[in-house]
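Just work-v2.cif here, mmCIF, C-alpha atoms:
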data_my_file
loop_
_atom_site.label_atom_id
_atom_site.label_comp_id
_atom_site.auth_asym_id
_atom_site.auth_seq_id
_atom_site.Cartn_x
_atom_site.Cartn_y
_atom_site.Cartn_z
CA MET P 1 -8.81 59.22 -14.65
CA MET P 2 -5.12 58.42 -14.67
CA GLU P 3 -5.01 56.46 -11.44
CA PRO P 4 -7.51 54.29 -9.61
CA LEU P 5 -6.83 56.04 -6.29
CA GLU P 6 -7.52 59.45 -7.84
CA MET P 7 -10.87 58.15 -9.05
CA ILE P 8 -11.94 57.31 -5.51
CA LYS P 9 -11.65 61.02 -4.66
CA ASP P 10 -14.75 61.52 -6.83
CA SER P 11 -16.67 59.52 -4.24
CA LEU P 12 -15.69 61.70 -1.26
CA ASN P 13 -18.73 62.85 0.73
CA LYS P 14 -20.89 60.42 -1.26
CA GLN P 15 -22.48 57.05 -0.54
CA ILE P 16 -20.27 54.12 -1.41
CA TYR P 17 -20.40 50.33 -1.23
CA ILE P 18 -17.46 48.29 0.07
CA LYS P 19 -16.93 44.54 -0.19
CA LEU P 20 -14.68 43.28 2.61
CA ARG P 21 -13.11 39.94 3.45
CA ASN P 22 -15.09 37.42 5.50
CA ASP P 23 -18.34 38.00 3.61
CA ARG P 24 -18.85 41.50 4.95
CA GLU P 25 -20.25 44.46 3.07
CA LEU P 26 -20.53 48.08 4.07
CA THR P 27 -22.41 51.07 2.78
CA GLY P 28 -21.98 54.60 4.04
CA LYS P 29 -20.75 58.08 3.29
CA LEU P 30 -17.04 58.24 2.50
CA ASN P 31 -15.33 60.93 4.57
CA ALA P 32 -11.67 59.97 4.17
CA PHE P 33 -9.31 57.40 2.68
CA ASP P 34 -5.61 56.86 2.08
CA GLN P 35 -3.46 54.82 -0.33
CA HIS P 36 -3.88 51.72 1.85
CA LEU P 37 -7.65 52.05 1.45
CA ASN P 38 -7.98 52.80 5.15
CA MET P 39 -11.30 54.70 5.25
CA ILE P 40 -13.71 56.57 7.46
CA LEU P 41 -17.40 56.02 6.77
CA GLU P 42 -20.28 58.00 8.24
CA ASN P 43 -23.67 56.37 8.96
CA ALA P 44 -22.38 53.01 7.88
CA GLU P 45 -24.35 49.79 7.68
CA GLU P 46 -22.51 46.48 7.78
CA THR P 47 -24.05 43.33 6.32
CA HIS P 48 -22.37 40.12 7.46
CA THR P 49 -23.43 37.02 5.52
CA SER P 50 -22.95 33.65 7.19
CA VAL P 51 -23.93 30.06 6.49
CA GLU P 52 -25.53 27.88 9.08
CA LEU P 53 -25.93 24.15 8.74
CA ASP P 54 -29.34 22.90 9.80
CA GLU P 55 -28.72 20.01 12.18
CA GLU P 56 -31.72 18.04 11.03
CA THR P 57 -32.05 18.73 7.33
CA TYR P 58 -28.32 19.37 6.74
CA GLU P 59 -29.27 22.19 4.42
CA GLN P 60 -27.20 25.35 4.21
CA VAL P 61 -29.05 28.37 5.52
CA TYR P 62 -27.71 31.80 4.59
CA LYS P 63 -28.13 34.45 7.27
CA GLN P 64 -27.52 38.18 7.00
CA ASN P 65 -26.71 40.17 10.11
CA LYS P 66 -26.89 43.93 9.80
CA ARG P 67 -25.65 46.62 12.13
CA SER P 68 -25.26 50.36 12.05
CA MET P 69 -22.19 52.37 12.94
CA PRO P 70 -22.50 56.17 13.10
CA MET P 71 -18.80 56.77 12.39
CA VAL P 72 -16.29 54.02 11.68
CA PHE P 73 -12.64 53.69 10.67
CA ILE P 74 -12.01 50.71 8.38
CA ARG P 75 -8.54 49.22 8.06
CA GLY P 76 -7.63 48.95 4.38
CA ASP P 77 -6.13 45.47 4.40
CA GLY P 78 -9.61 43.98 4.72
CA VAL P 79 -10.96 45.75 1.63
CA ILE P 80 -11.62 43.84 -1.58
CA LEU P 81 -13.75 46.15 -3.73
CA LEU P 82 -15.23 49.64 -3.71
CA SER P 83 -18.09 50.95 -5.79
CA SER P 84 -19.99 54.18 -5.88
CA HIS P 85 -23.20 52.30 -6.65
CA THR P 86 -25.15 51.03 -3.68
CA ASP P 87 -27.97 49.46 -5.64
CA HIS P 88 -27.49 45.70 -5.82
CA MET Y 1 0.00 60.02 7.67
CA LEU Y 2 -3.60 61.13 7.36
CA PHE Y 3 -5.11 58.65 9.78
CA PHE Y 4 -2.15 58.85 12.14
CA SER Y 5 -2.87 62.59 12.53
CA TYR Y 6 -6.58 61.92 12.81
CA PHE Y 7 -6.16 59.39 15.62
CA LYS Y 8 -3.68 61.65 17.45
CA ASP Y 9 -6.45 64.27 17.59
CA LEU Y 10 -8.76 61.67 19.11
CA VAL Y 11 -6.52 60.81 22.09
CA GLY Y 12 -8.58 60.92 25.28
CA ARG Y 13 -11.83 60.00 23.51
CA GLU Y 14 -13.81 56.80 23.94
CA VAL Y 15 -13.51 54.35 21.05
CA THR Y 16 -14.42 50.74 20.32
CA VAL Y 17 -11.79 48.69 18.51
CA GLU Y 18 -13.06 45.62 16.68
CA LEU Y 19 -10.38 43.07 15.93
CA LYS Y 20 -10.24 40.66 13.01
CA ASN Y 21 -10.92 37.78 15.42
CA ASP Y 22 -14.27 39.45 16.29
CA LEU Y 23 -13.15 40.58 19.76
CA ALA Y 24 -14.33 44.13 20.45
CA LEU Y 25 -12.68 46.34 23.06
CA SER Y 26 -13.97 49.68 24.32
CA GLY Y 27 -11.73 52.14 26.06
CA THR Y 28 -10.07 55.51 26.14
CA LEU Y 29 -7.64 56.10 23.31
CA HIS Y 30 -4.31 56.61 25.04
CA SER Y 31 -1.95 56.71 22.09
CA VAL Y 32 -1.40 55.71 18.48
CA ASP Y 33 1.63 55.39 16.20
CA GLN Y 34 2.40 55.51 12.47
CA TYR Y 35 1.43 51.85 12.06
CA LEU Y 36 -1.90 52.69 13.73
CA ASN Y 37 -0.98 50.48 16.66
CA ILE Y 38 -3.32 51.54 19.47
CA LYS Y 39 -3.01 51.75 23.22
CA LEU Y 40 -6.30 51.72 25.10
CA GLU Y 41 -6.92 52.52 28.75
CA ASN Y 42 -9.84 51.47 30.96
CA THR Y 43 -10.37 48.60 28.57
CA ARG Y 44 -13.71 46.85 28.65
CA VAL Y 45 -14.60 43.87 26.49
CA VAL Y 46 -17.83 44.50 24.61
CA ASP Y 47 -19.19 40.95 24.88
CA GLN Y 48 -17.99 40.01 28.37
CA ASP Y 49 -19.90 36.75 28.56
CA LYS Y 50 -18.21 35.53 25.42
CA TYR Y 51 -14.70 36.64 26.40
CA PRO Y 52 -14.43 36.33 30.20
CA HIS Y 53 -10.64 35.88 30.08
CA MET Y 54 -10.27 39.61 29.41
CA LEU Y 55 -12.07 40.73 32.59
CA SER Y 56 -8.94 41.84 34.42
CA VAL Y 57 -7.38 43.69 31.51
CA ARG Y 58 -7.30 47.43 32.14
CA ASN Y 59 -4.81 48.74 29.61
CA CYS Y 60 -3.75 47.15 26.39
CA PHE Y 61 -1.65 47.54 23.28
CA ILE Y 62 -3.32 46.51 20.04
CA ARG Y 63 -1.23 45.80 16.96
CA GLY Y 64 -2.57 47.86 14.08
CA SER Y 65 -2.63 44.98 11.62
CA VAL Y 66 -5.19 43.00 13.67
CA VAL Y 67 -7.74 45.81 13.66
CA ARG Y 68 -10.86 45.49 11.49
CA TYR Y 69 -12.79 48.59 12.59
CA VAL Y 70 -12.51 51.45 15.04
CA GLN Y 71 -15.90 52.87 16.04
CA LEU Y 72 -15.52 56.58 16.51
CA PRO Y 73 -17.41 59.25 18.39
CA PRO Y 74 -19.42 61.00 15.64
CA GLU Y 75 -19.13 64.42 17.25
CA GLY Y 76 -15.35 64.11 17.52
CA VAL Y 77 -14.97 64.43 13.78
CA ASP Y 78 -14.52 67.51 11.64
CA VAL Y 79 -15.80 66.03 8.42
CA GLU Y 80 -14.76 68.97 6.24
CA LEU Y 81 -11.21 68.71 7.57
CA LEU Y 82 -11.15 65.00 6.66
CA HIS Y 83 -12.36 65.72 3.13
CA ASP Y 84 -9.71 68.39 2.58
CA ALA Y 85 -6.93 66.25 4.08
CA THR Y 86 -7.93 63.35 1.83
CA ARG Y 87 -7.88 65.50 -1.28
CA ARG Y 88 -4.38 66.66 -0.40
CA GLU Y 89 -3.16 63.15 0.39
CA ALA Y 90 -0.35 61.84 -1.80
CA ARG Y 91 -1.28 59.20 -4.33
CA GLY Y 92 -0.39 55.53 -4.00
CA GLY Y 93 1.92 55.46 -7.03
CA MET Z 1 21.94 30.20 -35.36
CA SER Z 2 19.58 27.20 -35.52
CA GLY Z 3 16.29 27.93 -33.92
CA THR Z 4 15.49 26.69 -30.44
CA GLY Z 5 11.86 26.60 -31.44
CA GLU Z 6 11.23 29.78 -29.51
CA LYS Z 7 9.20 32.44 -31.24
CA VAL Z 8 10.03 36.01 -30.36
CA SER Z 9 7.00 38.12 -31.01
CA ALA Z 10 7.53 41.37 -32.86
CA THR Z 11 5.72 43.05 -29.96
CA THR Z 12 7.74 41.62 -27.03
CA LYS Z 13 6.44 43.33 -23.94
CA THR Z 14 7.37 43.76 -20.36
CA PRO Z 15 4.54 43.36 -17.84
CA ALA Z 16 4.53 47.15 -17.48
CA ASP Z 17 4.04 47.53 -21.24
CA PHE Z 18 1.15 45.11 -21.10
CA LEU Z 19 -0.55 47.05 -18.32
CA LYS Z 20 -0.15 50.28 -20.27
CA SER Z 21 -1.63 48.76 -23.42
CA ILE Z 22 -4.86 47.34 -22.01
CA ARG Z 23 -6.60 50.50 -20.79
CA GLY Z 24 -10.08 50.82 -22.25
CA ARG Z 25 -10.25 47.14 -23.15
CA PRO Z 26 -12.65 44.50 -21.85
CA VAL Z 27 -10.82 42.46 -19.22
CA VAL Z 28 -11.36 39.66 -16.76
CA VAL Z 29 -9.81 40.13 -13.33
CA LYS Z 30 -9.47 37.02 -11.22
CA LEU Z 31 -9.02 37.46 -7.48
CA ASN Z 32 -7.10 35.18 -5.12
CA SER Z 33 -10.50 34.14 -3.77
CA GLY Z 34 -11.51 32.76 -7.18
CA VAL Z 35 -14.13 35.45 -7.87
CA ASP Z 36 -14.09 36.89 -11.42
CA TYR Z 37 -14.78 40.46 -12.41
CA ARG Z 38 -15.48 41.25 -16.07
CA GLY Z 39 -15.69 44.78 -17.38
CA ILE Z 40 -13.93 47.60 -19.17
CA LEU Z 41 -10.59 48.54 -17.66
CA ALA Z 42 -10.54 52.26 -16.87
CA CYS Z 43 -7.10 52.40 -15.29
CA LEU Z 44 -4.69 50.63 -13.01
CA ASP Z 45 -1.53 51.35 -11.05
CA GLY Z 46 1.73 49.65 -10.09
CA TYR Z 47 0.11 47.93 -7.12
CA MET Z 48 -2.43 46.33 -9.46
CA ASN Z 49 -5.17 48.47 -7.97
CA ILE Z 50 -7.83 48.41 -10.70
CA ALA Z 51 -10.63 50.76 -11.72
CA MET Z 52 -13.25 49.22 -14.01
CA GLU Z 53 -16.56 50.19 -15.59
CA GLN Z 54 -19.66 48.10 -16.36
CA THR Z 55 -18.33 45.38 -14.10
CA GLU Z 56 -19.94 41.99 -13.60
CA GLU Z 57 -19.07 39.74 -10.68
CA TYR Z 58 -18.98 35.96 -11.26
CA VAL Z 59 -18.80 33.48 -8.39
CA ASN Z 60 -18.41 29.81 -9.41
CA GLY Z 61 -19.28 30.83 -12.92
CA GLN Z 62 -22.55 32.45 -11.88
CA LEU Z 63 -23.29 36.15 -12.31
CA LYS Z 64 -23.83 37.51 -8.83
CA ASN Z 65 -23.58 41.30 -9.02
CA LYS Z 66 -23.13 44.23 -11.31
CA TYR Z 67 -21.30 47.46 -10.56
CA GLY Z 68 -21.41 50.66 -12.62
CA ASP Z 69 -17.87 51.34 -11.55
CA ALA Z 70 -15.60 49.29 -9.35
CA PHE Z 71 -12.25 49.77 -7.65
CA ILE Z 72 -10.40 46.57 -6.73
CA ARG Z 73 -7.58 46.62 -4.18
CA GLY Z 74 -4.50 45.25 -5.89
CA ASN Z 75 -3.40 42.74 -3.26
CA ASN Z 76 -6.50 40.65 -4.04
CA VAL Z 77 -5.69 40.32 -7.75
CA LEU Z 78 -4.40 37.02 -9.10
CA TYR Z 79 -4.40 38.09 -12.74
CA ILE Z 80 -5.73 40.56 -15.28
CA SER Z 81 -6.49 39.21 -18.71
CA THR Z 82 -7.87 40.77 -21.85
CA THR Z 83 -10.93 39.09 -23.24
CA LYS Z 84 -12.69 39.24 -26.58
CA ARG Z 85 -16.01 38.53 -24.84
CA THR Z 86 -18.57 41.25 -24.75
CA LEU Z 87 -20.52 41.69 -21.53
CA GLY Z 88 -23.56 39.59 -20.80
CA GLU Z 89 -22.34 36.47 -22.50
CA GLY Z 90 -21.73 34.89 -19.15
CA ALA Z 91 -18.64 33.19 -17.80
#

Whole structure, structure tokens version:
Amino acid sequence: MMEPLEMIKDSLNKQIYIKLRNDRELTGKLNAFDQHLNMILENAEETHTSVELDEETYEQVYKQNKRSMPMVFIRGDGVILLSSHTDH
Amino acid sequence: MLFFSYFKDLVGREVTVELKNDLALSGTLHSVDQYLNIKLENTRVVDQDKYPHMLSVRNCFIRGSVVRYVQLPPEGVDVELLHDATRREARGG
Amino acid sequence: MSGTGEKVSATTKTPADFLKSIRGRPVVVKLNSGVDYRGILACLDGYMNIAMEQTEEYVNGQLKNKYGDAFIRGNNVLYISTTKRTLGEGA
């Protein structure tokens, strides 16, 4: 437990949760990563949260768009946070 | 170097590169470099109605830093190899 | 020499000393985006990559999420601060 990057190795081949910039979140099985937090996820699901302004009521409506990606490379510079827990 | 090696092994395969500006390009992976800059051939824009200005583009160079995701062919991956390579990868410091 | 009014603490630290001394302590990590993370600092590295346990995420002062363990990419970090607060007391 000496280094944060070493700790991520414990999550290899396991389900992880990633918070990305632009209100995106990913879950999936971690197959690879490097020191830049570039990663490859298997059976990933992306949740993209956006706000729409209702033209009539002017209220803010939060929408969540989900999509699945069987195998995806994620560039590390978009990553904010990683967790091994997917329950939240 | 891990992902540089990985992408080199994928040259010739079909990938979809999603950029940070939401543009998504499908094509054949022609080449990659250490910065993970990508050259695609037979480029097709995923949402052609939204991005008609790209219709005539056949080959392109994509700067690595503008990439958000690269969708990969699932059967092109040796997952065990990736796990082992990651475990051997040098630490950040 | 007459004092300049400056106090020199007996435990004058470099930033690196500070980072070494706070492992295992409750901390608050503020990101450039303004989001707060409060939890127990497990470890960190020279890039300010952070590993934390029992982490709570606060957005605009409101608790939004909890993570059993969390890794934060260092480029997002504005500051790391020790806190005397125990978890659950809110922002």

Contacts of stretch 63-70 of chain Y at 10 Å or less, counting all atoms listed in the file, minus same-chain residues fewer than 5 places along, as a PDB file with C-alpha atoms, keeping the file's coordinate frame?
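Produced file part_26.pdb, reproduced below:
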ATOM      1  CA  LEU P  20     -14.680  43.280   2.610  1.00  0.00           C
ATOM      2  CA  ASN P  38      -7.980  52.800   5.150  1.00  0.00           C
ATOM      3  CA  MET P  39     -11.300  54.700   5.250  1.00  0.00           C
ATOM      4  CA  ILE P  40     -13.710  56.570   7.460  1.00  0.00           C
ATOM      5  CA  MET P  69     -22.190  52.370  12.940  1.00  0.00           C
ATOM      6  CA  MET P  71     -18.800  56.770  12.390  1.00  0.00           C
ATOM      7  CA  VAL P  72     -16.290  54.020  11.680  1.00  0.00           C
ATOM      8  CA  PHE P  73     -12.640  53.690  10.670  1.00  0.00           C
ATOM      9  CA  ILE P  74     -12.010  50.710   8.380  1.00  0.00           C
ATOM     10  CA  ARG P  75      -8.540  49.220   8.060  1.00  0.00           C
ATOM     11  CA  GLY P  76      -7.630  48.950   4.380  1.00  0.00           C
ATOM     12  CA  ASP P  77      -6.130  45.470   4.400  1.00  0.00           C
ATOM     13  CA  GLY P  78      -9.610  43.980   4.720  1.00  0.00           C
ATOM     14  CA  VAL P  79     -10.960  45.750   1.630  1.00  0.00           C
TER      15      VAL P  79
ATOM     16  CA  VAL Y  15     -13.510  54.350  21.050  1.00  0.00           C
ATOM     17  CA  THR Y  16     -14.420  50.740  20.320  1.00  0.00           C
ATOM     18  CA  VAL Y  17     -11.790  48.690  18.510  1.00  0.00           C
ATOM     19  CA  GLU Y  18     -13.060  45.620  16.680  1.00  0.00           C
ATOM     20  CA  LEU Y  19     -10.380  43.070  15.930  1.00  0.00           C
ATOM     21  CA  LYS Y  20     -10.240  40.660  13.010  1.00  0.00           C
ATOM     22  CA  ASN Y  21     -10.920  37.780  15.420  1.00  0.00           C
ATOM     23  CA  ASP Y  22     -14.270  39.450  16.290  1.00  0.00           C
ATOM     24  CA  LEU Y  23     -13.150  40.580  19.760  1.00  0.00           C
ATOM     25  CA  ALA Y  24     -14.330  44.130  20.450  1.00  0.00           C
ATOM     26  CA  LEU Y  25     -12.680  46.340  23.060  1.00  0.00           C
ATOM     27  CA  SER Y  26     -13.970  49.680  24.320  1.00  0.00           C
ATOM     28  CA  VAL Y  32      -1.400  55.710  18.480  1.00  0.00           C
ATOM     29  CA  ASP Y  33       1.630  55.390  16.200  1.00  0.00           C
ATOM     30  CA  GLN Y  34       2.400  55.510  12.470  1.00  0.00           C
ATOM     31  CA  TYR Y  35       1.430  51.850  12.060  1.00  0.00           C
ATOM     32  CA  LEU Y  36      -1.900  52.690  13.730  1.00  0.00           C
ATOM     33  CA  ASN Y  37      -0.980  50.480  16.660  1.00  0.00           C
ATOM     34  CA  ILE Y  38      -3.320  51.540  19.470  1.00  0.00           C
ATOM     35  CA  LYS Y  39      -3.010  51.750  23.220  1.00  0.00           C
TER      36      LYS Y  39
END

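Each of P:Glu56, P:Gln64, P:Lys14, P:Ser83 was checked against chain Z using only C-alpha atoms; the smallest atom-to-atom distance is that of P:Ser83.
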
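In plain terms, chain Z touches chain P through Ala42, Cys43, Leu44, Asp45, Asn49, Ile50, Ala51, Met52, Asn65, Lys66, Tyr67, Gly68, Asp69, Ala70, Phe71, Ile72, Arg73, Gly74, Asn75 and Asn76 of chain Z, where touching means an atom at most 9 Å away, counting all atoms listed in the file.
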
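Between chain Y and the residues P:Asp10, P:Asn31, P:Glu59, P:Thr47, the shortest atom-to-atom distance, using only C-alpha atoms, involves P:Asn31.
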
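Minimum atom-to-atom distances from P:Asn43, P:Thr27, P:Thr49, P:Gln15 to chain Y were compared using all atoms listed in the file, and the lowest value belongs to P:Asn43.
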
Could you build a table of the residues in chain Y lying no more than 9 Å from chain P, giving for each the nearest pair of atoms and their separation in Å rounded to one decimal place, using only C-alpha atoms, ordered by chain and ascending residue number, as JSON lines?
{"residue": "Y:Met1", "atom": "CA", "partner": "P:Asp34", "partner_atom": "CA", "distance": 8.5}
{"residue": "Y:Leu2", "atom": "CA", "partner": "P:Asp34", "partner_atom": "CA", "distance": 7.1}
{"residue": "Y:Phe3", "atom": "CA", "partner": "P:Asp34", "partner_atom": "CA", "distance": 7.9}
{"residue": "Y:Lys20", "atom": "CA", "partner": "P:Gly78", "partner_atom": "CA", "distance": 9.0}
{"residue": "Y:Gly64", "atom": "CA", "partner": "P:Arg75", "partner_atom": "CA", "distance": 8.6}
{"residue": "Y:Ser65", "atom": "CA", "partner": "P:Asp77", "partner_atom": "CA", "distance": 8.0}
{"residue": "Y:Val67", "atom": "CA", "partner": "P:Arg75", "partner_atom": "CA", "distance": 6.6}
{"residue": "Y:Arg68", "atom": "CA", "partner": "P:Arg75", "partner_atom": "CA", "distance": 5.6}
{"residue": "Y:Tyr69", "atom": "CA", "partner": "P:Ile74", "partner_atom": "CA", "distance": 4.8}
{"residue": "Y:Val70", "atom": "CA", "partner": "P:Phe73", "partner_atom": "CA", "distance": 4.9}
{"residue": "Y:Gln71", "atom": "CA", "partner": "P:Val72", "partner_atom": "CA", "distance": 4.5}
{"residue": "Y:Leu72", "atom": "CA", "partner": "P:Met71", "partner_atom": "CA", "distance": 5.3}
{"residue": "Y:Pro73", "atom": "CA", "partner": "P:Met71", "partner_atom": "CA", "distance": 6.6}
{"residue": "Y:Pro74", "atom": "CA", "partner": "P:Met71", "partner_atom": "CA", "distance": 5.4}
{"residue": "Y:Val77", "atom": "CA", "partner": "P:Met71", "partner_atom": "CA", "distance": 8.7}
{"residue": "Y:Val79", "atom": "CA", "partner": "P:Asn31", "partner_atom": "CA", "distance": 6.4}
{"residue": "Y:Glu80", "atom": "CA", "partner": "P:Asn31", "partner_atom": "CA", "distance": 8.2}
{"residue": "Y:Leu82", "atom": "CA", "partner": "P:Ala32", "partner_atom": "CA", "distance": 5.6}
{"residue": "Y:His83", "atom": "CA", "partner": "P:Asn31", "partner_atom": "CA", "distance": 5.8}
{"residue": "Y:Asp84", "atom": "CA", "partner": "P:Ala32", "partner_atom": "CA", "distance": 8.8}
{"residue": "Y:Ala85", "atom": "CA", "partner": "P:Ala32", "partner_atom": "CA", "distance": 7.9}
{"residue": "Y:Thr86", "atom": "CA", "partner": "P:Ala32", "partner_atom": "CA", "distance": 5.6}
{"residue": "Y:Arg87", "atom": "CA", "partner": "P:Lys9", "partner_atom": "CA", "distance": 6.8}
{"residue": "Y:Glu89", "atom": "CA", "partner": "P:Asp34", "partner_atom": "CA", "distance": 7.0}
{"residue": "Y:Ala90", "atom": "CA", "partner": "P:Gln35", "partner_atom": "CA", "distance": 7.8}
{"residue": "Y:Arg91", "atom": "CA", "partner": "P:Gln35", "partner_atom": "CA", "distance": 6.3}
{"residue": "Y:Gly92", "atom": "CA", "partner": "P:Gln35", "partner_atom": "CA", "distance": 4.8}
{"residue": "Y:Gly93", "atom": "CA", "partner": "P:Glu3", "partner_atom": "CA", "distance": 8.3}

Please identify all polymer residues within 10 Å of P:Arg67, counting all atoms listed in the file, omitting same-chain residues fewer than 4 positions from it, and present them as an mmCIF file with C-alpha atoms, in the frame of the given file.
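The file below, result25.cif, is the result:
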data_model
loop_
_atom_site.group_PDB
_atom_site.id
_atom_site.type_symbol
_atom_site.label_atom_id
_atom_site.label_comp_id
_atom_site.auth_asym_id
_atom_site.auth_seq_id
_atom_site.Cartn_x
_atom_site.Cartn_y
_atom_site.Cartn_z
ATOM 1 C CA LEU P 26 -20.530 48.080 4.070
ATOM 2 C CA ALA P 44 -22.380 53.010 7.880
ATOM 3 C CA GLU P 45 -24.350 49.790 7.680
ATOM 4 C CA GLU P 46 -22.510 46.480 7.780
ATOM 5 C CA THR P 47 -24.050 43.330 6.320
ATOM 6 C CA HIS P 48 -22.370 40.120 7.460
#

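For the atom pair formed by atom CA of Y:Glu75 and atom CA of Y:Leu40, the distance is 19.7 Å, given to one decimal.
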